[in-house]
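What follows is a set of notes on a single structure, which appears directly below.
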There are 2 protein chains.
Amino acid sequence: MADNTLTPDDTGRKSQFAVPYYEISYDKFFQFGVSVDCVVFGYHDNRLKLLLIKRGAAPFKGMWALPGDLVYPNENIDVAAQRTLRDLTGIEDLYMEQTKVYGKVDRHPAGRVITTGYYSLIDIAKHDPHASAWADGVYWVDLEAVPELAFDHSEILKDALQLLQQRVRHQPVGFELLPEKFALADLQALYEALLNEKYDKANFRKRILSMNLLLSLKENQKDVPHRPARLYKFDTQRYDELIAKGFSFEL
Amino acid sequence: MADNTLTPDDTGRKSQFAVPYYEISYDKFFQFGVSVDCVVFGYHDNRLKLLLIKRGAAPFKGMWALPGDLVYPNENIDVAAQRTLRDLTGIEDLYMEQTKVYGKVDRHPAGRVITTGYYSLIDIAKHDPHASAWADGVYWVDLEAVPELAFDHSEILKDALQLLQQRVRHQPVGFELLPEKFALADLQALYEALLNEKYDKANFRKRILSMNLLLSLKENQKDVPHRPARLYKFDTQRYDELIAKGFSFEL
DNA sequence: ATAACTTTTGGTAAAAATGACATTAAGTAA
DNA sequence: TTACTTAATGTCATTTTTACCAAAAGTTAT
């Protein structure tokens, strides 16, 4: 727990390692809990969704929260983020990226806990999350309908959303949210949903195709009540080549 | 210190708060040290510089390192970053922004310490750093000449540099590095140094001025052996207005 | 089979942004 | 006054972006 009576001078500490560090007790400084919180975005039915849990225990029992957990003292934090999501939802090997650190003194009622936000994108169809022991359940919630969250999770979400929009514009991350095979109109609808903008269909097509990042498949849409569109898939290999040459994706 | 014999199962812990959190001892989880490390960029003589300290004590005694320190248990981490820089260099109220968290288990020889990187930009002429108690000294080092750093600070620097270039392109942060009043050629030289590119002088001028973010002063350069250029200053108010209208800076 | 309909797909022309370069202006130094 | 240096402005060709049109290709209803 955080010692709220400690002030910087109470330690009598003048400098970090003025004498060999192993001769000094820095116990006062080694009292932090560290956690990770995952902001997982999904996409379905033309809408952006967020993976949330309903807290089954105090504090904030009954409130919605981001999936997160404390980090073990012998665990890398990036690994902890992966583990948290796996334990909670069964989802493995997800691309995750740090957003920010949240380190206010009283952000957690159980003591001094600093947390790192991670954001991730997945194709909902591929992953059916299941509830874990300590959450009543895990749900995909429409982003528009997300209520106030536990802890400072609303702030974490806000920052992650901002990063997402950044990334979507400058890296081809949008493809993470789509099935392997997709039509250009699907991709356009996704970008329009993510960025709250409208694009001309013909021009969007030209822009995307001119990047040479999509492989045209010999396959069309099925079960659509009109002319089916050609399906494409993202060309990872080509993307890596282009990046190596200094290409930078811009929408 | 980190307990390296602890494994996730040793705690017998199944869920974060399955019973009220205050009835459980989570001591095992509250053993982290937390630190901040500052990547401070400065600009002088057309060259980008980095603020470094020479470590006066173990570990990594004698090596170059980023200015950084442990966070107090009752101190917000953003505040800790400001304090560290103030104690070390006398520089106050600096604009600082988080870069990333570094949370590998064995990144610090004194125990389990996770650190947050902060980057900042300053006009060197305005700030003369002075040595503190626990560092031999604080120096501006030419970025090209930065050697291998202590801890994982080289990695922190690499990430901060990447973020800097990002920011420079998409936000008008470059102005932080220049004096209040500057000529367009100064600004151009700065951007060329930051981004390793060359611009056409006339076109750079048009591009920048068309953004309407600079106030033309009724004042010229002094002591130059040729026609002195008009001085400008950054129009913060106008920038805020534009941002409010959804304008986004792009170089 | 054909017509009506819907969406894909390929194209074109105007407008806008970019980039290369030339010219003029305004100061300093001899 | 002249030479010199850099600032500042202007022009123009090229490329990129945008708006919009029309043909093509499938589906559904008749």
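Chain labels A, B, ... are given in the sequence in which chains occur in the structure tokens; within each chain residues are numbered consecutively from 1, and ligands are likewise numbered from 1 in the order shown.
Within 6 Å of chain D, and using only C-alpha atoms (C1' of nucleotides), the residues found on chain A are A:Pro225, A:His226, A:Arg227.
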Distance cut-off 12 Å, counting only C-alpha atoms (C1' of nucleotides) - which residues of chain B neighbour chain C? Return them as a PDB file with all heavy atoms, in the first residue's frame.
ATOM      1  N   TYR B 199      14.636  21.486 -47.975  1.00  0.00           N
ATOM      2  CA  TYR B 199      13.471  22.094 -48.593  1.00  0.00           C
ATOM      3  C   TYR B 199      13.888  23.260 -49.472  1.00  0.00           C
ATOM      4  O   TYR B 199      14.895  23.927 -49.209  1.00  0.00           O
ATOM      5  CB  TYR B 199      12.497  22.578 -47.517  1.00  0.00           C
ATOM      6  CG  TYR B 199      12.041  21.487 -46.576  1.00  0.00           C
ATOM      7  CD1 TYR B 199      12.557  21.401 -45.292  1.00  0.00           C
ATOM      8  CD2 TYR B 199      11.118  20.540 -46.994  1.00  0.00           C
ATOM      9  CE1 TYR B 199      12.151  20.383 -44.433  1.00  0.00           C
ATOM     10  CE2 TYR B 199      10.710  19.530 -46.146  1.00  0.00           C
ATOM     11  CZ  TYR B 199      11.224  19.449 -44.862  1.00  0.00           C
ATOM     12  OH  TYR B 199      10.831  18.444 -44.030  1.00  0.00           O
ATOM     13  N   ASP B 200      13.090  23.533 -50.464  1.00  0.00           N
ATOM     14  CA  ASP B 200      13.286  24.734 -51.268  1.00  0.00           C
ATOM     15  C   ASP B 200      12.881  25.936 -50.429  1.00  0.00           C
ATOM     16  O   ASP B 200      11.811  25.950 -49.815  1.00  0.00           O
ATOM     17  CB  ASP B 200      12.418  24.644 -52.528  1.00  0.00           C
ATOM     18  CG  ASP B 200      12.496  25.910 -53.361  1.00  0.00           C
ATOM     19  OD1 ASP B 200      11.745  26.862 -53.072  1.00  0.00           O
ATOM     20  OD2 ASP B 200      13.319  25.935 -54.297  1.00  0.00           O
ATOM     21  N   LYS B 201      13.743  26.932 -50.420  1.00  0.00           N
ATOM     22  CA  LYS B 201      13.513  28.059 -49.522  1.00  0.00           C
ATOM     23  C   LYS B 201      12.189  28.784 -49.799  1.00  0.00           C
ATOM     24  O   LYS B 201      11.402  29.059 -48.889  1.00  0.00           O
ATOM     25  CB  LYS B 201      14.673  29.058 -49.628  1.00  0.00           C
ATOM     26  CG  LYS B 201      14.671  30.095 -48.527  1.00  0.00           C
ATOM     27  CD  LYS B 201      15.656  31.213 -48.800  1.00  0.00           C
ATOM     28  CE  LYS B 201      17.085  30.679 -48.702  1.00  0.00           C
ATOM     29  NZ  LYS B 201      18.046  31.787 -48.439  1.00  0.00           N
ATOM     30  N   ALA B 202      11.955  29.071 -51.077  1.00  0.00           N
ATOM     31  CA  ALA B 202      10.746  29.811 -51.440  1.00  0.00           C
ATOM     32  C   ALA B 202       9.487  29.010 -51.110  1.00  0.00           C
ATOM     33  O   ALA B 202       8.492  29.556 -50.613  1.00  0.00           O
ATOM     34  CB  ALA B 202      10.779  30.154 -52.920  1.00  0.00           C
ATOM     35  N   ASN B 203       9.540  27.714 -51.393  1.00  0.00           N
ATOM     36  CA  ASN B 203       8.358  26.887 -51.151  1.00  0.00           C
ATOM     37  C   ASN B 203       8.103  26.667 -49.663  1.00  0.00           C
ATOM     38  O   ASN B 203       6.957  26.644 -49.224  1.00  0.00           O
ATOM     39  CB  ASN B 203       8.500  25.551 -51.867  1.00  0.00           C
ATOM     40  CG  ASN B 203       8.536  25.729 -53.370  1.00  0.00           C
ATOM     41  OD1 ASN B 203       7.984  26.694 -53.897  1.00  0.00           O
ATOM     42  ND2 ASN B 203       9.201  24.807 -54.060  1.00  0.00           N
ATOM     43  N   PHE B 204       9.181  26.526 -48.903  1.00  0.00           N
ATOM     44  CA  PHE B 204       9.045  26.384 -47.455  1.00  0.00           C
ATOM     45  C   PHE B 204       8.359  27.620 -46.887  1.00  0.00           C
ATOM     46  O   PHE B 204       7.421  27.524 -46.097  1.00  0.00           O
ATOM     47  CB  PHE B 204      10.422  26.207 -46.820  1.00  0.00           C
ATOM     48  CG  PHE B 204      10.382  26.008 -45.327  1.00  0.00           C
ATOM     49  CD1 PHE B 204      10.185  24.750 -44.795  1.00  0.00           C
ATOM     50  CD2 PHE B 204      10.532  27.089 -44.451  1.00  0.00           C
ATOM     51  CE1 PHE B 204      10.142  24.557 -43.422  1.00  0.00           C
ATOM     52  CE2 PHE B 204      10.486  26.899 -43.080  1.00  0.00           C
ATOM     53  CZ  PHE B 204      10.302  25.636 -42.567  1.00  0.00           C
ATOM     54  N   LYS B 206       6.361  29.708 -48.406  1.00  0.00           N
ATOM     55  CA  LYS B 206       4.948  29.750 -48.776  1.00  0.00           C
ATOM     56  C   LYS B 206       4.139  28.771 -47.911  1.00  0.00           C
ATOM     57  O   LYS B 206       3.050  29.096 -47.433  1.00  0.00           O
ATOM     58  CB  LYS B 206       4.787  29.389 -50.257  1.00  0.00           C
ATOM     59  CG  LYS B 206       4.920  30.592 -51.186  1.00  0.00           C
ATOM     60  CD  LYS B 206       4.693  30.217 -52.638  1.00  0.00           C
ATOM     61  CE  LYS B 206       5.897  29.489 -53.217  1.00  0.00           C
ATOM     62  NZ  LYS B 206       5.739  29.204 -54.672  1.00  0.00           N
ATOM     63  N   ARG B 207       4.673  27.595 -47.742  1.00  0.00           N
ATOM     64  CA  ARG B 207       3.954  26.568 -46.996  1.00  0.00           C
ATOM     65  C   ARG B 207       3.682  27.034 -45.570  1.00  0.00           C
ATOM     66  O   ARG B 207       2.557  26.963 -45.076  1.00  0.00           O
ATOM     67  CB  ARG B 207       4.781  25.274 -46.987  1.00  0.00           C
ATOM     68  CG  ARG B 207       4.080  24.149 -46.336  1.00  0.00           C
ATOM     69  CD  ARG B 207       3.980  22.917 -47.205  1.00  0.00           C
ATOM     70  NE  ARG B 207       4.848  21.845 -46.741  1.00  0.00           N
ATOM     71  CZ  ARG B 207       6.024  21.564 -47.256  1.00  0.00           C
ATOM     72  NH1 ARG B 207       6.510  22.289 -48.231  1.00  0.00           N
ATOM     73  NH2 ARG B 207       6.737  20.566 -46.805  1.00  0.00           N
ATOM     74  N   ASN B 220      13.750  43.275 -37.666  1.00  0.00           N
ATOM     75  CA  ASN B 220      14.595  42.445 -38.521  1.00  0.00           C
ATOM     76  C   ASN B 220      15.760  41.836 -37.748  1.00  0.00           C
ATOM     77  O   ASN B 220      16.039  42.227 -36.614  1.00  0.00           O
ATOM     78  CB  ASN B 220      15.144  43.277 -39.679  1.00  0.00           C
ATOM     79  CG  ASN B 220      14.052  43.663 -40.657  1.00  0.00           C
ATOM     80  OD1 ASN B 220      12.945  43.130 -40.605  1.00  0.00           O
ATOM     81  ND2 ASN B 220      14.357  44.596 -41.546  1.00  0.00           N
ATOM     82  N   GLN B 221      16.431  40.895 -38.381  1.00  0.00           N
ATOM     83  CA  GLN B 221      17.665  40.345 -37.818  1.00  0.00           C
ATOM     84  C   GLN B 221      18.685  41.461 -37.621  1.00  0.00           C
ATOM     85  O   GLN B 221      18.662  42.460 -38.328  1.00  0.00           O
ATOM     86  CB  GLN B 221      18.265  39.325 -38.787  1.00  0.00           C
ATOM     87  CG  GLN B 221      17.590  37.980 -38.803  1.00  0.00           C
ATOM     88  CD  GLN B 221      18.245  37.065 -39.834  1.00  0.00           C
ATOM     89  OE1 GLN B 221      18.534  37.492 -40.940  1.00  0.00           O
ATOM     90  NE2 GLN B 221      18.478  35.812 -39.460  1.00  0.00           N
ATOM     91  N   LYS B 222      19.587  41.218 -36.660  1.00  0.00           N
ATOM     92  CA  LYS B 222      20.689  42.168 -36.441  1.00  0.00           C
ATOM     93  C   LYS B 222      22.019  41.462 -36.693  1.00  0.00           C
ATOM     94  O   LYS B 222      22.117  40.241 -36.555  1.00  0.00           O
ATOM     95  CB  LYS B 222      20.683  42.661 -34.983  1.00  0.00           C
ATOM     96  CG  LYS B 222      19.402  43.371 -34.567  1.00  0.00           C
ATOM     97  CD  LYS B 222      19.437  44.837 -34.963  1.00  0.00           C
ATOM     98  CE  LYS B 222      18.204  45.548 -34.401  1.00  0.00           C
ATOM     99  NZ  LYS B 222      17.734  46.617 -35.324  1.00  0.00           N
ATOM    100  N   ASP B 223      23.027  42.262 -36.988  1.00  0.00           N
ATOM    101  CA  ASP B 223      24.395  41.742 -37.066  1.00  0.00           C
ATOM    102  C   ASP B 223      24.587  40.629 -38.080  1.00  0.00           C
ATOM    103  O   ASP B 223      25.367  39.705 -37.840  1.00  0.00           O
ATOM    104  CB  ASP B 223      24.858  41.252 -35.679  1.00  0.00           C
ATOM    105  CG  ASP B 223      24.787  42.379 -34.666  1.00  0.00           C
ATOM    106  OD1 ASP B 223      25.135  43.518 -35.018  1.00  0.00           O
ATOM    107  OD2 ASP B 223      24.361  42.108 -33.524  1.00  0.00           O
ATOM    108  N   VAL B 224      23.865  40.668 -39.145  1.00  0.00           N
ATOM    109  CA  VAL B 224      24.161  39.723 -40.214  1.00  0.00           C
ATOM    110  C   VAL B 224      24.813  40.500 -41.348  1.00  0.00           C
ATOM    111  O   VAL B 224      24.461  41.655 -41.586  1.00  0.00           O
ATOM    112  CB  VAL B 224      22.889  39.014 -40.717  1.00  0.00           C
ATOM    113  CG1 VAL B 224      22.439  37.979 -39.712  1.00  0.00           C
ATOM    114  CG2 VAL B 224      21.774  40.008 -40.980  1.00  0.00           C
ATOM    115  N   PRO B 225      25.762  39.904 -42.016  1.00  0.00           N
ATOM    116  CA  PRO B 225      26.538  40.623 -43.048  1.00  0.00           C
ATOM    117  C   PRO B 225      25.822  40.666 -44.389  1.00  0.00           C
ATOM    118  O   PRO B 225      26.449  40.544 -45.422  1.00  0.00           O
ATOM    119  CB  PRO B 225      27.818  39.794 -43.139  1.00  0.00           C
ATOM    120  CG  PRO B 225      27.355  38.402 -42.858  1.00  0.00           C
ATOM    121  CD  PRO B 225      26.209  38.518 -41.882  1.00  0.00           C
ATOM    122  N   HIS B 226      24.518  40.780 -44.349  1.00  0.00           N
ATOM    123  CA  HIS B 226      23.761  40.826 -45.605  1.00  0.00           C
ATOM    124  C   HIS B 226      22.374  41.346 -45.272  1.00  0.00           C
ATOM    125  O   HIS B 226      22.090  41.696 -44.116  1.00  0.00           O
ATOM    126  CB  HIS B 226      23.685  39.445 -46.228  1.00  0.00           C
ATOM    127  CG  HIS B 226      23.115  38.407 -45.297  1.00  0.00           C
ATOM    128  ND1 HIS B 226      23.910  37.575 -44.556  1.00  0.00           N
ATOM    129  CD2 HIS B 226      21.848  38.101 -44.943  1.00  0.00           C
ATOM    130  CE1 HIS B 226      23.152  36.786 -43.818  1.00  0.00           C
ATOM    131  NE2 HIS B 226      21.893  37.090 -44.026  1.00  0.00           N
ATOM    132  N   ARG B 227      21.518  41.343 -46.214  1.00  0.00           N
ATOM    133  CA  ARG B 227      20.162  41.815 -45.937  1.00  0.00           C
ATOM    134  C   ARG B 227      19.542  41.025 -44.787  1.00  0.00           C
ATOM    135  O   ARG B 227      19.454  39.798 -44.853  1.00  0.00           O
ATOM    136  CB  ARG B 227      19.286  41.620 -47.178  1.00  0.00           C
ATOM    137  CG  ARG B 227      17.837  41.924 -46.901  1.00  0.00           C
ATOM    138  CD  ARG B 227      16.984  41.708 -48.121  1.00  0.00           C
ATOM    139  NE  ARG B 227      15.580  41.921 -47.774  1.00  0.00           N
ATOM    140  CZ  ARG B 227      14.582  41.768 -48.620  1.00  0.00           C
ATOM    141  NH1 ARG B 227      14.834  41.388 -49.858  1.00  0.00           N
ATOM    142  NH2 ARG B 227      13.353  41.983 -48.244  1.00  0.00           N
ATOM    143  N   PRO B 228      19.121  41.696 -43.742  1.00  0.00           N
ATOM    144  CA  PRO B 228      18.540  41.002 -42.595  1.00  0.00           C
ATOM    145  C   PRO B 228      17.118  40.558 -42.887  1.00  0.00           C
ATOM    146  O   PRO B 228      16.375  41.257 -43.583  1.00  0.00           O
ATOM    147  CB  PRO B 228      18.566  42.062 -41.489  1.00  0.00           C
ATOM    148  CG  PRO B 228      18.514  43.343 -42.210  1.00  0.00           C
ATOM    149  CD  PRO B 228      19.193  43.145 -43.524  1.00  0.00           C
ATOM    150  N   ALA B 229      16.771  39.399 -42.365  1.00  0.00           N
ATOM    151  CA  ALA B 229      15.436  38.857 -42.619  1.00  0.00           C
ATOM    152  C   ALA B 229      14.438  39.378 -41.602  1.00  0.00           C
ATOM    153  O   ALA B 229      14.789  39.751 -40.482  1.00  0.00           O
ATOM    154  CB  ALA B 229      15.473  37.334 -42.559  1.00  0.00           C
ATOM    155  N   ARG B 230      13.188  39.382 -42.007  1.00  0.00           N
ATOM    156  CA  ARG B 230      12.095  39.740 -41.117  1.00  0.00           C
ATOM    157  C   ARG B 230      11.977  38.690 -40.016  1.00  0.00           C
ATOM    158  O   ARG B 230      12.131  37.488 -40.274  1.00  0.00           O
ATOM    159  CB  ARG B 230      10.804  39.820 -41.948  1.00  0.00           C
ATOM    160  CG  ARG B 230       9.504  39.996 -41.195  1.00  0.00           C
ATOM    161  CD  ARG B 230       9.519  41.196 -40.293  1.00  0.00           C
ATOM    162  NE  ARG B 230       9.969  42.444 -40.892  1.00  0.00           N
ATOM    163  CZ  ARG B 230       9.145  43.352 -41.411  1.00  0.00           C
ATOM    164  NH1 ARG B 230       7.859  43.145 -41.424  1.00  0.00           N
ATOM    165  NH2 ARG B 230       9.616  44.478 -41.902  1.00  0.00           N
TER     166      ARG B 230
END
Subject >> strand (DSSP E) positions in region 52-184 of chain A, given as a PyMOL selection string >> reply: chain A and resi 52-55+64-65+68-70+96-102+113-123+135-142+182-183
Print the selection's residues with N, CA and C atoms to a file, as a compact mmCIF listing (two decimals), in the first residue's frame.
# COMPACT_ATOMS: atom_id res chain seq x y z
N LEU A 52 -15.42 -4.99 -22.96
CA LEU A 52 -15.50 -4.54 -21.57
C LEU A 52 -15.87 -5.71 -20.66
N ILE A 53 -15.52 -5.57 -19.40
CA ILE A 53 -15.96 -6.56 -18.42
C ILE A 53 -16.87 -5.86 -17.42
N LYS A 54 -17.70 -6.66 -16.81
CA LYS A 54 -18.52 -6.14 -15.72
C LYS A 54 -17.88 -6.65 -14.45
N ARG A 55 -17.47 -5.73 -13.57
CA ARG A 55 -16.72 -6.14 -12.39
C ARG A 55 -17.61 -6.92 -11.43
N TRP A 64 -18.73 -1.20 -15.20
CA TRP A 64 -17.99 -1.62 -16.37
C TRP A 64 -16.54 -1.17 -16.25
N ALA A 65 -15.65 -1.98 -16.79
CA ALA A 65 -14.23 -1.65 -16.72
C ALA A 65 -13.50 -2.26 -17.90
N GLY A 68 -8.14 -5.83 -17.29
CA GLY A 68 -6.81 -5.49 -16.81
C GLY A 68 -6.46 -6.32 -15.62
N ASP A 69 -5.19 -6.28 -15.23
CA ASP A 69 -4.77 -7.06 -14.06
C ASP A 69 -3.44 -6.54 -13.54
N LEU A 70 -3.11 -6.95 -12.33
CA LEU A 70 -1.81 -6.62 -11.77
C LEU A 70 -0.72 -7.43 -12.46
N MET A 96 -0.61 -5.94 -29.76
CA MET A 96 -0.96 -4.92 -28.77
C MET A 96 0.10 -3.84 -28.74
N GLU A 97 -0.34 -2.64 -28.48
CA GLU A 97 0.61 -1.54 -28.43
C GLU A 97 0.30 -0.66 -27.22
N GLN A 98 1.35 -0.23 -26.56
CA GLN A 98 1.17 0.66 -25.40
C GLN A 98 0.55 1.98 -25.81
N THR A 99 -0.28 2.51 -24.92
CA THR A 99 -0.77 3.86 -25.16
C THR A 99 -0.07 4.83 -24.22
N LYS A 100 -0.40 4.77 -22.96
CA LYS A 100 0.20 5.69 -21.98
C LYS A 100 0.32 5.01 -20.63
N VAL A 101 0.99 5.70 -19.71
CA VAL A 101 1.07 5.26 -18.33
C VAL A 101 0.19 6.19 -17.51
N TYR A 102 -0.49 5.63 -16.54
CA TYR A 102 -1.32 6.43 -15.67
C TYR A 102 -0.77 6.28 -14.26
N VAL A 113 -0.98 2.09 -7.37
CA VAL A 113 -0.86 1.24 -8.56
C VAL A 113 -0.72 2.13 -9.78
N ILE A 114 0.32 1.92 -10.52
CA ILE A 114 0.40 2.61 -11.79
C ILE A 114 0.08 1.61 -12.89
N THR A 115 -0.59 2.10 -13.88
CA THR A 115 -1.04 1.17 -14.92
C THR A 115 -0.63 1.64 -16.29
N THR A 116 -0.46 0.69 -17.19
CA THR A 116 -0.13 1.00 -18.57
C THR A 116 -1.30 0.58 -19.46
N GLY A 117 -1.72 1.48 -20.32
CA GLY A 117 -2.78 1.16 -21.26
C GLY A 117 -2.22 0.46 -22.49
N TYR A 118 -2.95 -0.53 -22.99
CA TYR A 118 -2.58 -1.21 -24.24
C TYR A 118 -3.78 -1.17 -25.15
N TYR A 119 -3.54 -0.90 -26.41
CA TYR A 119 -4.69 -0.98 -27.30
C TYR A 119 -4.47 -2.08 -28.33
N SER A 120 -5.58 -2.59 -28.81
CA SER A 120 -5.51 -3.70 -29.73
C SER A 120 -6.74 -3.69 -30.64
N LEU A 121 -6.62 -4.36 -31.77
CA LEU A 121 -7.70 -4.39 -32.74
C LEU A 121 -7.95 -5.83 -33.14
N ILE A 122 -9.21 -6.24 -33.15
CA ILE A 122 -9.46 -7.59 -33.65
C ILE A 122 -10.75 -7.67 -34.45
N ASP A 123 -10.76 -8.68 -35.28
CA ASP A 123 -11.95 -9.01 -36.06
C ASP A 123 -12.87 -9.82 -35.15
N ALA A 135 -14.68 -11.78 -13.34
CA ALA A 135 -15.58 -10.82 -13.98
C ALA A 135 -16.90 -11.52 -14.23
N ASP A 136 -17.99 -10.82 -14.04
CA ASP A 136 -19.29 -11.40 -14.32
C ASP A 136 -19.35 -11.84 -15.78
N GLY A 137 -18.71 -11.06 -16.60
CA GLY A 137 -18.76 -11.42 -18.00
C GLY A 137 -17.95 -10.47 -18.83
N VAL A 138 -17.72 -10.86 -20.05
CA VAL A 138 -16.99 -10.05 -21.00
C VAL A 138 -17.92 -9.76 -22.16
N TYR A 139 -17.99 -8.52 -22.56
CA TYR A 139 -18.96 -8.17 -23.60
C TYR A 139 -18.36 -7.22 -24.61
N TRP A 140 -18.87 -7.32 -25.82
CA TRP A 140 -18.59 -6.29 -26.81
C TRP A 140 -19.64 -5.20 -26.66
N VAL A 141 -19.20 -4.01 -26.40
CA VAL A 141 -20.13 -2.91 -26.21
C VAL A 141 -19.94 -1.89 -27.34
N ASP A 142 -21.05 -1.47 -27.89
CA ASP A 142 -20.98 -0.46 -28.94
C ASP A 142 -20.26 0.78 -28.40
N PHE A 182 -11.90 -9.47 -48.06
CA PHE A 182 -12.89 -8.40 -47.93
C PHE A 182 -13.02 -7.65 -49.25
N ALA A 183 -14.12 -6.93 -49.38
CA ALA A 183 -14.34 -6.11 -50.56
C ALA A 183 -13.88 -4.69 -50.26
Subject >> Pick from A:Arg238, A:Arg167, A:His127, A:Arg112 nearest to chain B, counting only C-alpha atoms >> reply: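 Residue with the minimum atom-to-atom distance to chain B: A:Arg112.
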**OP:** Can you work out which one of B:Leu215, B:Ala110, B:Leu50, B:Ala81 has the shortest atom-to-atom distance to chain A, counting only C-alpha atoms?
**Re:**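 Checking each candidate against chain A, we get B:Ala110 as the closest.
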Original post:
Mind pulling up the distance from CA of Ile208 (chain B) to CA of Ser248 (chain B)?
Top reply: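 Spanning CA of Ser248 (chain B) to CA of Ile208 (chain B) is a straight-line distance of 13.2 Å.
Remark: for chain A, the closest of the candidate residues B:Arg86, B:Arg47, B:His170, B:Lys233 is B:His170 (distances computed over only C-alpha atoms).
Atom to atom, CA of Leu149 (chain A) and CA of Val105 (chain A) stand 18.7 Å apart.
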Subject >> Those in region 62-181 of chain B with alpha helix (DSSP H) from DSSP, as a PyMOL selection string >> reply: chain B and resi 77-89+153-170
